[in-house]
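Next up, entry-v4.cif (mmCIF, C-alpha atoms):
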data_input
#
loop_
_atom_site.label_atom_id
_atom_site.label_comp_id
_atom_site.auth_asym_id
_atom_site.auth_seq_id
_atom_site.Cartn_x
_atom_site.Cartn_y
_atom_site.Cartn_z
CA MET C 1 65.23 15.37 60.51
CA THR C 2 65.57 16.25 64.16
CA GLY C 3 66.44 19.66 65.50
CA THR C 4 65.49 21.66 62.40
CA MET C 5 63.34 24.12 64.34
CA HIS C 6 64.83 26.70 66.69
CA LYS C 7 63.05 27.95 69.75
CA SER C 8 63.01 31.17 71.68
CA LYS C 9 63.50 31.00 75.44
CA SER C 10 61.73 34.31 75.94
CA GLU C 11 58.36 32.61 76.41
CA SER C 12 59.50 30.08 79.00
CA VAL C 13 57.21 30.91 81.90
CA ILE C 14 56.77 27.60 83.69
CA SER C 15 58.79 27.04 86.83
CA LEU C 16 57.95 23.83 88.67
CA ASN C 17 59.78 22.05 91.45
CA ALA C 18 60.88 18.51 90.67
CA ASN C 19 60.09 17.01 94.09
CA ARG C 20 56.33 16.69 93.74
CA THR C 21 54.00 14.73 91.44
CA VAL C 22 51.15 15.53 89.06
CA ALA C 23 48.72 14.28 91.72
CA ASP C 24 50.15 16.79 94.20
CA ILE C 25 49.51 19.67 91.81
CA CYS C 26 45.89 18.73 91.21
CA LYS C 27 44.92 17.69 94.74
CA GLY C 28 46.40 20.82 96.22
CA GLY C 29 44.89 23.13 93.62
CA GLN C 30 48.34 24.53 92.93
CA GLU C 31 48.97 27.17 90.32
CA MET C 32 49.96 25.92 86.88
CA PRO C 33 49.87 27.30 83.33
CA MET C 34 46.82 26.80 81.10
CA TRP C 35 46.18 26.86 77.37
CA ARG C 36 42.50 27.62 76.82
CA SER C 37 41.15 26.74 73.39
CA PRO C 38 37.94 28.03 71.80
CA HIS C 39 35.60 25.68 69.97
CA ARG C 40 37.02 26.75 66.65
CA ILE C 41 35.36 26.60 63.29
CA ALA C 42 36.83 23.43 61.81
CA SER C 43 39.81 23.97 59.53
CA MET C 44 39.83 22.38 56.09
CA PRO C 45 43.48 22.53 54.95
CA LYS C 46 44.37 21.56 51.43
CA ARG C 47 45.39 17.88 51.42
CA THR C 48 48.86 18.45 50.05
CA ARG C 49 50.48 15.77 52.16
CA SER C 50 48.22 13.01 50.88
CA PHE C 51 49.04 13.40 47.24
CA GLY C 52 52.10 15.61 47.07
CA ASN C 53 55.06 16.77 49.12
CA PHE C 54 56.28 19.58 51.34
CA GLY C 55 58.34 21.27 48.65
CA ASP C 56 56.26 24.44 48.53
CA GLN C 57 55.72 24.82 52.26
CA THR C 58 57.76 26.67 54.83
CA VAL C 59 57.69 26.20 58.57
CA PRO C 60 58.73 29.52 60.10
CA GLU C 61 61.04 29.84 63.04
CA ALA C 62 59.43 29.33 66.44
CA ASP C 63 60.71 32.63 67.77
CA SER C 64 58.38 34.70 65.57
CA SER C 65 56.27 36.78 67.88
CA SER C 66 52.56 37.41 68.13
CA GLY C 67 49.93 37.89 70.76
CA ASN C 68 47.05 35.59 71.48
CA ASP C 69 45.98 33.43 68.56
CA THR C 70 42.75 35.00 67.35
CA SER C 71 42.20 32.84 64.28
CA SER C 72 38.91 31.05 63.80
CA GLY C 73 40.54 27.94 62.39
CA GLY C 74 40.47 28.76 58.67
CA SER C 75 43.57 28.39 56.53
CA ALA C 76 45.32 30.92 54.34
CA GLY C 77 46.62 28.58 51.67
CA PRO C 78 47.69 25.04 52.56
CA PHE C 79 48.83 26.15 56.03
CA ASP C 80 49.07 29.46 57.82
CA LEU C 81 52.63 30.74 57.47
CA GLU C 82 52.85 32.12 60.99
CA LYS C 83 53.42 29.54 63.67
CA SER C 84 50.83 29.65 66.42
CA LYS C 85 51.59 30.74 69.94
CA PHE C 86 50.63 27.20 70.99
CA ASP C 87 53.55 25.74 69.02
CA ARG C 88 56.00 28.35 70.28
CA LEU C 89 54.92 27.68 73.84
CA ILE C 90 55.13 23.89 73.58
CA LEU C 91 58.56 23.98 71.93
CA SER C 92 59.96 26.59 74.30
CA GLU C 93 58.83 24.68 77.37
CA TRP C 94 60.02 21.38 75.90
CA ASP C 95 63.45 22.97 75.44
CA ASP C 96 63.35 24.20 79.02
CA ARG C 97 62.80 20.63 80.29
CA PHE C 98 65.59 19.45 78.00
CA GLU C 99 67.98 21.94 79.58
CA GLN C 100 66.88 20.73 83.03
CA GLY C 101 67.94 17.20 82.07
CA LEU C 102 64.49 15.64 82.50
CA PHE C 103 64.73 13.39 79.44
CA ARG C 104 66.26 9.94 79.62
CA TYR C 105 68.42 10.52 76.55
CA ASP C 106 69.20 13.19 73.96
CA VAL C 107 66.79 12.62 71.05
CA THR C 108 68.32 15.54 69.14
CA ASN C 109 71.38 13.37 68.44
CA VAL C 110 69.61 10.38 66.90
CA SER C 111 70.20 9.43 63.26
CA THR C 112 67.28 9.70 60.85
CA LYS C 113 66.99 8.95 57.14
CA ALA C 114 64.35 8.52 54.44
CA LEU C 115 64.46 5.05 52.90
CA PRO C 116 64.65 5.12 49.09
CA GLY C 117 61.40 4.04 47.46
CA GLU C 118 57.89 5.12 46.58
CA LEU C 119 56.47 5.05 50.12
CA GLY C 120 58.91 7.49 51.70
CA ILE C 121 59.35 5.51 54.91
CA VAL C 122 61.38 7.37 57.55
CA ALA C 123 63.85 5.34 59.64
CA GLN C 124 65.38 6.41 62.95
CA LEU C 125 68.10 4.85 65.08
CA ASN C 126 67.02 5.37 68.70
CA GLU C 127 69.13 3.21 70.99
CA GLY C 128 68.15 5.26 74.06
CA ARG C 129 64.46 4.48 73.71
CA ALA C 130 65.29 0.79 73.36
CA SER C 131 67.22 0.63 76.64
CA LYS C 132 65.64 3.33 78.79
CA LYS C 133 61.92 3.35 77.94
CA ARG C 134 59.55 2.21 80.71
CA PRO C 135 58.54 -1.46 80.18
CA THR C 136 54.96 -2.61 79.57
CA GLU C 137 53.22 -3.72 82.78
CA PHE C 138 50.12 -5.51 81.48
CA THR C 139 49.13 -8.32 79.15
CA MET C 140 48.89 -7.66 75.42
CA ASP C 141 45.90 -9.88 74.67
CA LYS C 142 43.10 -7.61 75.94
CA VAL C 143 42.32 -4.18 74.58
CA CYS C 144 40.18 -3.26 77.61
CA GLN C 145 41.73 -3.71 81.04
CA GLU C 146 40.96 -2.06 84.36
CA PHE C 147 43.13 0.76 85.62
CA ASP C 148 45.63 -0.50 88.19
CA SER C 149 46.83 2.15 90.63
CA THR C 150 49.75 -0.04 91.74
CA LYS C 151 51.32 0.31 88.28
CA PHE C 152 52.94 3.44 86.94
CA ASN C 153 50.46 6.09 85.85
CA PHE C 154 50.75 9.76 85.03
CA THR C 155 49.57 10.98 88.44
CA LYS C 156 52.94 9.66 89.62
CA ALA C 157 54.89 11.59 86.99
CA ASP C 158 57.36 14.20 88.18
CA LYS C 159 55.87 17.65 88.58
CA GLY C 160 58.69 19.04 86.46
CA GLU C 161 57.43 17.09 83.44
CA VAL C 162 54.22 19.14 83.30
CA LEU C 163 54.02 21.79 80.59
CA LEU C 164 50.47 23.03 81.03
CA GLN C 165 46.83 22.14 81.47
CA PHE C 166 44.71 22.17 78.30
CA GLU C 167 41.11 23.34 78.28
CA SER C 168 38.62 23.66 75.44
CA CYS C 169 35.72 26.02 76.07
CA ASN C 170 32.91 27.15 73.76
CA GLN C 171 32.67 30.42 75.71
CA THR C 172 36.25 31.39 74.87
CA PRO C 173 36.30 33.77 71.85
CA ALA C 174 40.00 33.21 71.12
CA ALA C 175 42.77 30.94 72.27
CA GLU C 176 44.63 32.26 75.26
CA PHE C 177 47.60 31.31 77.41
CA ILE C 178 47.22 31.89 81.14
CA PRO C 179 50.64 31.72 82.84
CA SER C 180 49.26 30.80 86.24
CA VAL C 181 45.87 29.49 87.32
CA ALA C 182 44.73 27.03 89.97
CA ALA C 183 44.76 23.47 88.67
CA ALA C 184 41.36 21.96 88.04
CA ASP C 185 40.35 18.89 90.05
CA SER C 186 41.14 16.62 87.10
CA PRO C 187 42.54 18.68 84.23
CA HIS C 188 43.67 17.64 80.78
CA VAL C 189 47.43 17.78 81.29
CA VAL C 190 50.24 18.11 78.73
CA LEU C 191 53.58 16.61 79.78
CA ILE C 192 56.88 15.87 78.11
CA ASN C 193 57.52 12.30 77.04
CA VAL C 194 60.70 11.50 78.95
CA SER C 195 61.52 8.78 76.37
CA PRO C 196 61.00 10.86 73.22
CA ILE C 197 60.84 9.65 69.65
CA GLU C 198 61.25 13.07 68.08
CA TYR C 199 61.70 16.71 68.83
CA GLY C 200 58.85 18.21 70.85
CA HIS C 201 57.45 14.80 71.87
CA ILE C 202 54.65 15.40 74.38
CA LEU C 203 51.81 13.53 76.08
CA LEU C 204 48.21 14.63 76.47
CA VAL C 205 46.50 13.00 79.48
CA PRO C 206 42.76 13.81 79.62
CA ARG C 207 41.24 14.14 83.10
CA VAL C 208 44.51 13.00 84.59
CA THR C 209 43.47 12.36 88.19
CA ASP C 210 40.33 10.46 87.18
CA CYS C 211 42.78 7.66 86.34
CA LEU C 212 40.98 6.52 83.18
CA PRO C 213 42.20 3.32 81.50
CA GLN C 214 43.59 3.41 77.95
CA GLN C 215 40.21 3.37 76.22
CA LEU C 216 38.49 5.93 74.00
CA THR C 217 35.06 7.52 73.91
CA PRO C 218 33.89 10.34 71.61
CA ASP C 219 34.22 12.97 74.36
CA LEU C 220 37.74 11.90 75.28
CA PHE C 221 38.82 11.67 71.66
CA GLN C 222 37.54 15.19 71.05
CA VAL C 223 40.11 16.51 73.54
CA ALA C 224 42.93 15.23 71.30
CA LEU C 225 41.27 16.63 68.17
CA ARG C 226 40.98 20.03 69.85
CA MET C 227 44.68 20.02 70.70
CA ALA C 228 45.58 19.07 67.12
CA VAL C 229 43.58 22.05 65.86
CA GLU C 230 45.58 24.41 68.09
CA SER C 231 48.83 23.69 66.23
CA TRP C 232 49.37 25.57 63.00
CA ASN C 233 52.49 23.55 62.24
CA PRO C 234 52.01 20.97 59.45
CA TYR C 235 54.56 18.68 61.08
CA PHE C 236 52.61 18.22 64.31
CA ARG C 237 50.66 14.94 64.58
CA VAL C 238 48.80 13.33 67.47
CA GLY C 239 48.76 9.56 67.97
CA TYR C 240 47.04 6.95 70.12
CA ASN C 241 47.90 3.31 70.90
CA SER C 242 45.35 0.92 72.34
CA LEU C 243 46.40 -1.85 74.65
CA GLY C 244 47.62 -4.68 72.48
CA ALA C 245 48.82 -2.15 69.88
CA TYR C 246 51.88 -1.06 71.85
CA ALA C 247 50.50 1.27 74.47
CA THR C 248 52.88 0.73 77.39
CA ILE C 249 50.90 2.49 80.14
CA ASN C 250 47.26 1.71 80.97
CA HIS C 251 46.37 5.31 81.79
CA LEU C 252 44.55 7.23 79.06
CA HIS C 253 46.99 9.29 77.03
CA PHE C 254 47.80 10.52 73.55
CA GLN C 255 51.23 11.27 72.11
CA ALA C 256 52.31 14.02 69.74
CA TYR C 257 55.49 15.32 68.15
CA TYR C 258 56.95 17.25 65.22
CA LEU C 259 58.39 15.26 62.31
CA ASP C 260 59.47 17.40 59.36
CA ALA C 261 58.47 14.84 56.75
CA PRO C 262 55.16 13.40 55.59
CA PHE C 263 54.16 10.16 57.26
CA PRO C 264 53.85 7.62 54.43
CA ILE C 265 50.29 6.74 55.41
CA GLU C 266 49.33 10.40 54.88
CA ARG C 267 50.42 10.22 51.24
CA ALA C 268 48.81 6.86 50.46
CA PRO C 269 45.97 6.83 47.91
CA THR C 270 42.46 6.08 49.13
CA GLY C 271 39.32 4.38 47.88
CA THR C 272 35.84 3.38 48.95
CA PRO C 273 35.95 0.80 51.78
CA PRO C 274 33.79 -2.35 51.76
CA GLY C 275 30.30 -1.74 53.12
CA GLY C 276 27.83 1.06 52.57
CA TRP C 277 30.15 3.92 53.47
CA THR C 278 29.13 6.09 50.51
CA LYS C 279 25.65 6.49 52.02
CA ARG C 280 25.87 9.09 54.75
CA LYS C 281 24.10 12.15 56.02
CA ARG C 282 25.02 15.53 54.63
CA ASN C 283 28.10 17.17 56.22
CA ARG C 284 29.06 13.99 58.05
CA PRO C 285 32.73 12.90 57.81
CA VAL C 286 33.87 11.06 54.70
CA VAL C 287 35.29 7.57 55.29
CA GLN C 288 37.80 6.00 52.92
CA ALA C 289 40.15 3.01 52.88
CA ILE C 290 43.92 3.36 52.56
CA LYS C 291 45.32 1.74 49.40
CA SER C 292 48.84 0.74 48.27
CA PHE C 293 50.23 0.76 51.81
CA PRO C 294 51.62 -2.18 53.82
CA VAL C 295 48.88 -1.89 56.46
CA ARG C 296 45.13 -1.76 55.80
CA ALA C 297 43.39 1.15 57.47
CA LEU C 298 40.48 3.58 57.32
CA VAL C 299 40.72 7.34 57.17
CA PHE C 300 37.99 9.65 58.48
CA ILE C 301 37.95 13.06 56.79
CA LEU C 302 36.45 16.17 58.32
CA ASN C 303 33.43 17.41 56.38
CA GLY C 304 31.71 19.71 58.83
CA CYS C 305 32.46 20.19 62.51
CA ILE C 306 34.98 18.69 64.90
CA GLU C 307 32.21 17.30 67.10
CA ASP C 308 30.86 15.12 64.26
CA LEU C 309 34.32 13.77 63.50
CA ALA C 310 34.96 13.01 67.18
CA LEU C 311 31.58 11.32 67.48
CA LEU C 312 32.21 9.06 64.49
CA VAL C 313 35.83 8.15 65.26
CA GLY C 314 35.14 7.79 68.98
CA ASN C 315 32.34 5.34 68.29
CA ALA C 316 34.52 3.46 65.81
CA CYS C 317 37.17 3.10 68.51
CA LYS C 318 34.54 1.90 70.99
CA PHE C 319 33.56 -0.80 68.48
CA MET C 320 37.19 -1.88 68.13
CA GLN C 321 37.45 -2.09 71.91
CA GLU C 322 34.25 -4.12 72.19
CA GLN C 323 35.55 -6.55 69.57
CA ASN C 324 38.97 -6.76 71.29
CA ILE C 325 40.78 -5.61 68.14
CA PRO C 326 43.99 -3.68 68.92
CA PHE C 327 44.31 -0.43 66.99
CA ASN C 328 46.21 2.79 66.49
CA VAL C 329 44.93 6.26 65.65
CA LEU C 330 46.86 9.03 63.87
CA ILE C 331 45.50 12.59 63.74
CA ALA C 332 46.91 14.69 60.90
CA ASP C 333 46.17 17.95 59.06
CA ARG C 334 45.21 19.84 62.23
CA GLY C 335 42.47 17.36 63.01
CA ALA C 336 41.07 17.26 59.48
CA ARG C 337 42.04 13.62 58.90
CA VAL C 338 42.08 10.70 61.33
CA PHE C 339 43.55 7.31 60.47
CA LEU C 340 42.15 4.23 62.25
CA ILE C 341 44.60 1.35 61.91
CA PRO C 342 43.86 -2.20 63.13
CA ASN C 343 47.10 -3.67 64.49
CA LEU C 344 47.60 -7.44 64.76
CA PHE C 345 51.37 -7.48 65.20
CA SER C 346 51.49 -8.41 68.89
CA ALA C 347 48.96 -11.23 68.38
CA ARG C 348 50.96 -12.61 65.48
CA LEU C 349 54.15 -12.23 67.47
CA ALA C 350 52.66 -14.24 70.34
CA ALA C 351 51.59 -16.92 67.85
CA GLY C 352 55.09 -17.18 66.41
CA ALA C 353 53.89 -15.91 63.03
CA VAL C 354 56.35 -13.03 62.67
CA PRO C 355 59.66 -13.97 60.98
CA GLU C 356 62.71 -13.90 63.25
CA GLU C 357 64.43 -11.37 61.01
CA HIS C 358 61.74 -8.84 62.00
CA VAL C 359 61.53 -9.94 65.63
CA ASP C 360 65.27 -9.44 66.02
CA THR C 361 65.04 -5.77 64.99
CA GLY C 362 62.96 -5.03 68.08
CA VAL C 363 60.74 -2.68 66.06
CA ASN C 364 57.36 -2.41 67.78
CA PRO C 365 54.81 -0.98 65.32
CA ALA C 366 52.95 1.48 67.54
CA VAL C 367 51.06 4.38 65.96
CA PHE C 368 53.99 6.35 64.56
CA GLU C 369 55.87 3.28 63.37
CA ILE C 370 52.83 1.70 61.71
CA SER C 371 52.25 5.03 59.96
CA GLY C 372 55.73 4.88 58.46
CA HIS C 373 58.21 6.36 60.98
CA LEU C 374 60.19 3.28 62.08
CA LEU C 375 62.40 3.24 65.16
CA TYR C 376 65.33 0.87 64.98
CA LYS C 377 67.12 -0.07 68.17
CA ARG C 378 70.33 -1.48 66.71
CA GLU C 379 72.74 0.22 64.33
CA VAL C 380 73.08 -2.89 62.17
CA ASP C 381 69.33 -2.95 61.50
CA PHE C 382 69.21 0.79 60.85
CA ASP C 383 72.11 0.62 58.41
CA GLY C 384 70.52 -2.29 56.56
CA ALA C 385 66.99 -0.90 56.51
CA SER C 386 65.23 -0.77 53.15
CA GLU C 387 61.71 0.00 52.00
CA GLU C 388 61.17 -3.67 51.13
CA GLN C 389 62.26 -4.83 54.59
CA ALA C 390 60.25 -2.14 56.40
CA SER C 391 57.13 -2.79 54.32
CA ASN C 392 57.35 -6.50 54.96
CA LEU C 393 57.70 -5.91 58.71
CA LEU C 394 54.66 -3.62 58.76
CA SER C 395 52.61 -6.06 56.69
CA HIS C 396 52.68 -8.48 59.63
CA ALA C 397 50.65 -5.93 61.62
CA SER C 398 48.00 -5.69 58.91
CA MET C 399 44.70 -7.49 58.59
CA THR C 400 44.29 -9.65 55.50
CA ASP C 401 41.97 -8.44 52.73
CA ASP C 402 39.20 -10.73 53.97
CA GLU C 403 39.65 -9.69 57.61
CA PHE C 404 39.64 -6.00 56.72
CA SER C 405 36.61 -6.30 54.46
CA LYS C 406 34.68 -8.09 57.20
CA LEU C 407 35.68 -5.47 59.77
CA SER C 408 34.75 -2.60 57.45
CA VAL C 409 31.26 -3.98 56.88
CA GLN C 410 30.69 -4.74 60.56
CA LEU C 411 31.98 -1.33 61.63
CA HIS C 412 29.78 0.46 59.13
CA ASP C 413 26.69 -1.43 60.28
CA ALA C 414 27.52 -0.79 63.95
CA LEU C 415 28.00 2.95 63.41
CA GLN C 416 24.83 3.15 61.38
CA ALA C 417 22.92 1.37 64.16
CA ARG C 418 24.28 3.92 66.63
CA GLY C 419 23.04 6.77 64.45
CA VAL C 420 26.40 8.43 63.87
CA LEU C 421 26.70 7.92 60.09
#

Show me this structure written as structure tokens.
Amino acid sequence: MTGTMHKSKSESVISLNANRTVADICKGGQEMPMWRSPHRIASMPKRTRSFGNFGDQTVPEADSSSGNDTSSGGSAGPFDLEKSKFDRLILSEWDDRFEQGLFRYDVTNVSTKALPGELGIVAQLNEGRASKKRPTEFTMDKVCQEFDSTKFNFTKADKGEVLLQFESCNQTPAAEFIPSVAAADSPHVVLINVSPIEYGHILLVPRVTDCLPQQLTPDLFQVALRMAVESWNPYFRVGYNSLGAYATINHLHFQAYYLDAPFPIERAPTGTPPGGWTKRKRNRPVVQAIKSFPVRALVFILNGCIEDLALLVGNACKFMQEQNIPFNVLIADRGARVFLIPNLFSARLAAGAVPEEHVDTGVNPAVFEISGHLLYKREVDFDGASEEQASNLLSHASMTDDEFSKLSVQLHDALQARGVL
């Protein structure tokens, strides 16, 4: 499922030396590209991926041409058939960095398959990520930890890994790409992920030189939602890992990539979660519980404006952080749906409660894995992968029914007390 989209090199406009760092760009106010996003009217795409498939959808080639994206965020059908300039730019620049040899391995040559079964779990054999990915440099038992400048952080990343700075502005009438503009003091920066999972794998680092720890607030979460809205490609998702839920760097960042298949969690049925979630103010996001999936989770559904969704999910994440509960977040449907997934795998692993057969695979259920895109590190495990085995592995990351019900009630009450429901 990798390498199905072809990119045009005609839009490759970024030329950066590889001998400087992200910090050098920002401190020196050097010129760098910018994508400026308007505060769009929230899109409400048809939820085809939740309860159907991609059979009737087409993702056009990335070399289709257009000027600035002047859409207001509405959809023509399930998804707009013309790829946005944002997607063409990201993919073109990602290809440029690939040709420069900035990635640690060639992700376009990995093996990928859909496991037979009702869930549609996607398995990938990625031996390069297993051996060449940067190791975790902090403990896994605390969701909130202070930023440590002595450890690797994205201000130390190679200048050549930068694609652009991302800005969202309510005074911008339409999205625009500015090829060269002085870097802000602490911009939201988009970089390549040098240890990619899939094609077009990028990182979004909000306020990069402020050196924020891996913790979310509503304002910071809104940055990721805004970027998700900019993509008109149905295969583009944005993810977040808290500490303890397989974030490997304690410097605030989101990940995103293109996977041309539905994530199984996107297609899972939903129901009313425990607590008083059905009572909410008009036009506030709808909250539902994921059903018939190996991992228990909540999904927050856009029902008004992006700001309200960011406020609700951001406060939910703050509650998880305060309670020291590791979690993952998946943004799908151009920001219209956000999955909040408690993740207890590392705690159970530390307690010796995960069977050796799953430990031996080396699968770490971070946001994309826990959502149903599993990365296997050994060929023998990939060849023997089945839906039953993958589901059982993921179930060890899940809360029990009682734990999830208790969390759902407590989270509802906390959000209500904060006035965001």

Radius query 7 Å about (51.0, 3.5, 52.2), atoms used: all atoms listed in the file, as a short mmCIF file (atom, residue, chain, number, x, y, z; two decimals) with C-alpha atoms, in the frame of the given file:
data_model
loop_
_atom_site.label_atom_id
_atom_site.label_comp_id
_atom_site.auth_asym_id
_atom_site.auth_seq_id
_atom_site.Cartn_x
_atom_site.Cartn_y
_atom_site.Cartn_z
CA LEU C 119 56.47 5.05 50.12
CA PRO C 264 53.85 7.62 54.43
CA ILE C 265 50.29 6.74 55.41
CA ARG C 267 50.42 10.22 51.24
CA ALA C 268 48.81 6.86 50.46
CA LYS C 291 45.32 1.74 49.40
CA SER C 292 48.84 0.74 48.27
CA PHE C 293 50.23 0.76 51.81
CA PRO C 294 51.62 -2.18 53.82
#

- Counting all atoms listed in the file, select every polymer residue within 12 Å of (29.6, -2.2, 55.6) as defined in the file's coordinates, and provide the selection as a PyMOL selection string. chain C and resi 272-280+287-288+404-417+421

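Nearest to C:Asn126 of all the residues C:Asn109, C:Ser346, C:Asn193, C:Ser180 is C:Asn109, based on all atoms listed in the file.
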
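Taking all atoms listed in the file, the non-local environment of C:Val205 within 8 Å (same-chain residues fewer than 5 positions away omitted) comprises C:Phe154, C:His188, C:Val189, C:Val190, C:Leu191, C:Leu252, C:His253, C:Phe254.
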
- Query: Of the residues C:Ser391, C:Asn283, C:Thr112, C:Ser149, which is the one nearest to C:Asp260, using only C-alpha atoms?
  - Reply: C:Thr112

- Distance in Å - atom CA of C:Ala228 versus atom CA of C:Phe166: 11.6 Å

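The space between atom CA of C:Ile202 and atom CA of C:Phe147 spans 21.8 Å.
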
Result set of the PyMOL selection byres ((chain C and resi 210) around 10) on the coordinates above, as an mmCIF file with C-alpha atoms, in the coordinates of the input:
data_model
loop_
_atom_site.group_PDB
_atom_site.id
_atom_site.type_symbol
_atom_site.label_atom_id
_atom_site.label_comp_id
_atom_site.auth_asym_id
_atom_site.auth_seq_id
_atom_site.Cartn_x
_atom_site.Cartn_y
_atom_site.Cartn_z
ATOM 1 C CA THR C 155 49.570 10.980 88.440
ATOM 2 C CA ASP C 185 40.350 18.890 90.050
ATOM 3 C CA SER C 186 41.140 16.620 87.100
ATOM 4 C CA PRO C 187 42.540 18.680 84.230
ATOM 5 C CA PRO C 206 42.760 13.810 79.620
ATOM 6 C CA ARG C 207 41.240 14.140 83.100
ATOM 7 C CA VAL C 208 44.510 13.000 84.590
ATOM 8 C CA THR C 209 43.470 12.360 88.190
ATOM 9 C CA CYS C 211 42.780 7.660 86.340
ATOM 10 C CA LEU C 212 40.980 6.520 83.180
ATOM 11 C CA PRO C 213 42.200 3.320 81.500
ATOM 12 C CA HIS C 251 46.370 5.310 81.790
ATOM 13 C CA LEU C 252 44.550 7.230 79.060
#

- Task: List the residues matched by the PyMOL selection byres ((chain C and resi 335) around 8) in the displayed structure as a ChimeraX atom specification, ordered by chain and then by residue number.
- Result: /C:43,225-226,228-229,302,306,331-334,336-338

- Item | Evaluate the PyMOL selection byres ((chain C and resi 399) around 9) and report residues as JSON, numbers by chain | {"C": [295, 296, 297, 342, 343, 344, 395, 396, 397, 398, 400, 401, 402, 403, 404]}

- Hey, what's within 9 Å of C:Lys156 if we count all atoms listed in the file and toss same-chain stuff fewer than 2 positions away? As a PyMOL selection string, please? chain C and resi 20-24+152-154+158-159

I'd like the contact shell of C:Ala184 - 9 Å cut-off, only C-alpha atoms, skipping same-chain residues fewer than 5 positions apart - returned as a PDB file with C-alpha atoms, in the coordinates of the input.
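Now in selection08.pdb:
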ATOM      1  CA  CYS C  26      45.890  18.730  91.210  1.00  0.00           C
ATOM      2  CA  LYS C  27      44.920  17.690  94.740  1.00  0.00           C
ATOM      3  CA  GLY C  29      44.890  23.130  93.620  1.00  0.00           C
ATOM      4  CA  GLN C  30      48.340  24.530  92.930  1.00  0.00           C
ATOM      5  CA  GLN C 165      46.830  22.140  81.470  1.00  0.00           C
TER       6      GLN C 165
END

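Here atom CA of C:Gln215 stands at a distance of 28.5 Å from atom CA of C:Leu89.
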
- With a distance cut-off of 12 Å and only C-alpha atoms, select the neighbouring residues of C:Gln389, excluding the residue or stretch itself and same-chain residues fewer than 6 positions from it, and output the selection as JSON, numbers by chain. {"C": [115, 116, 117, 121, 123, 294, 355, 357, 358, 361, 363, 374, 381, 382, 383, 395, 396]}

- Query: Using only C-alpha atoms, which residue out of C:Tyr199, C:Ser84, C:Val223, C:Glu230 lies closest to C:Tyr258?
  - Reply: C:Tyr199

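Remark: for C:Arg129, the closest of the candidate residues C:Pro262, C:Gly239, C:Gly362, C:Gly244 is C:Gly362 (distances computed over all atoms listed in the file).
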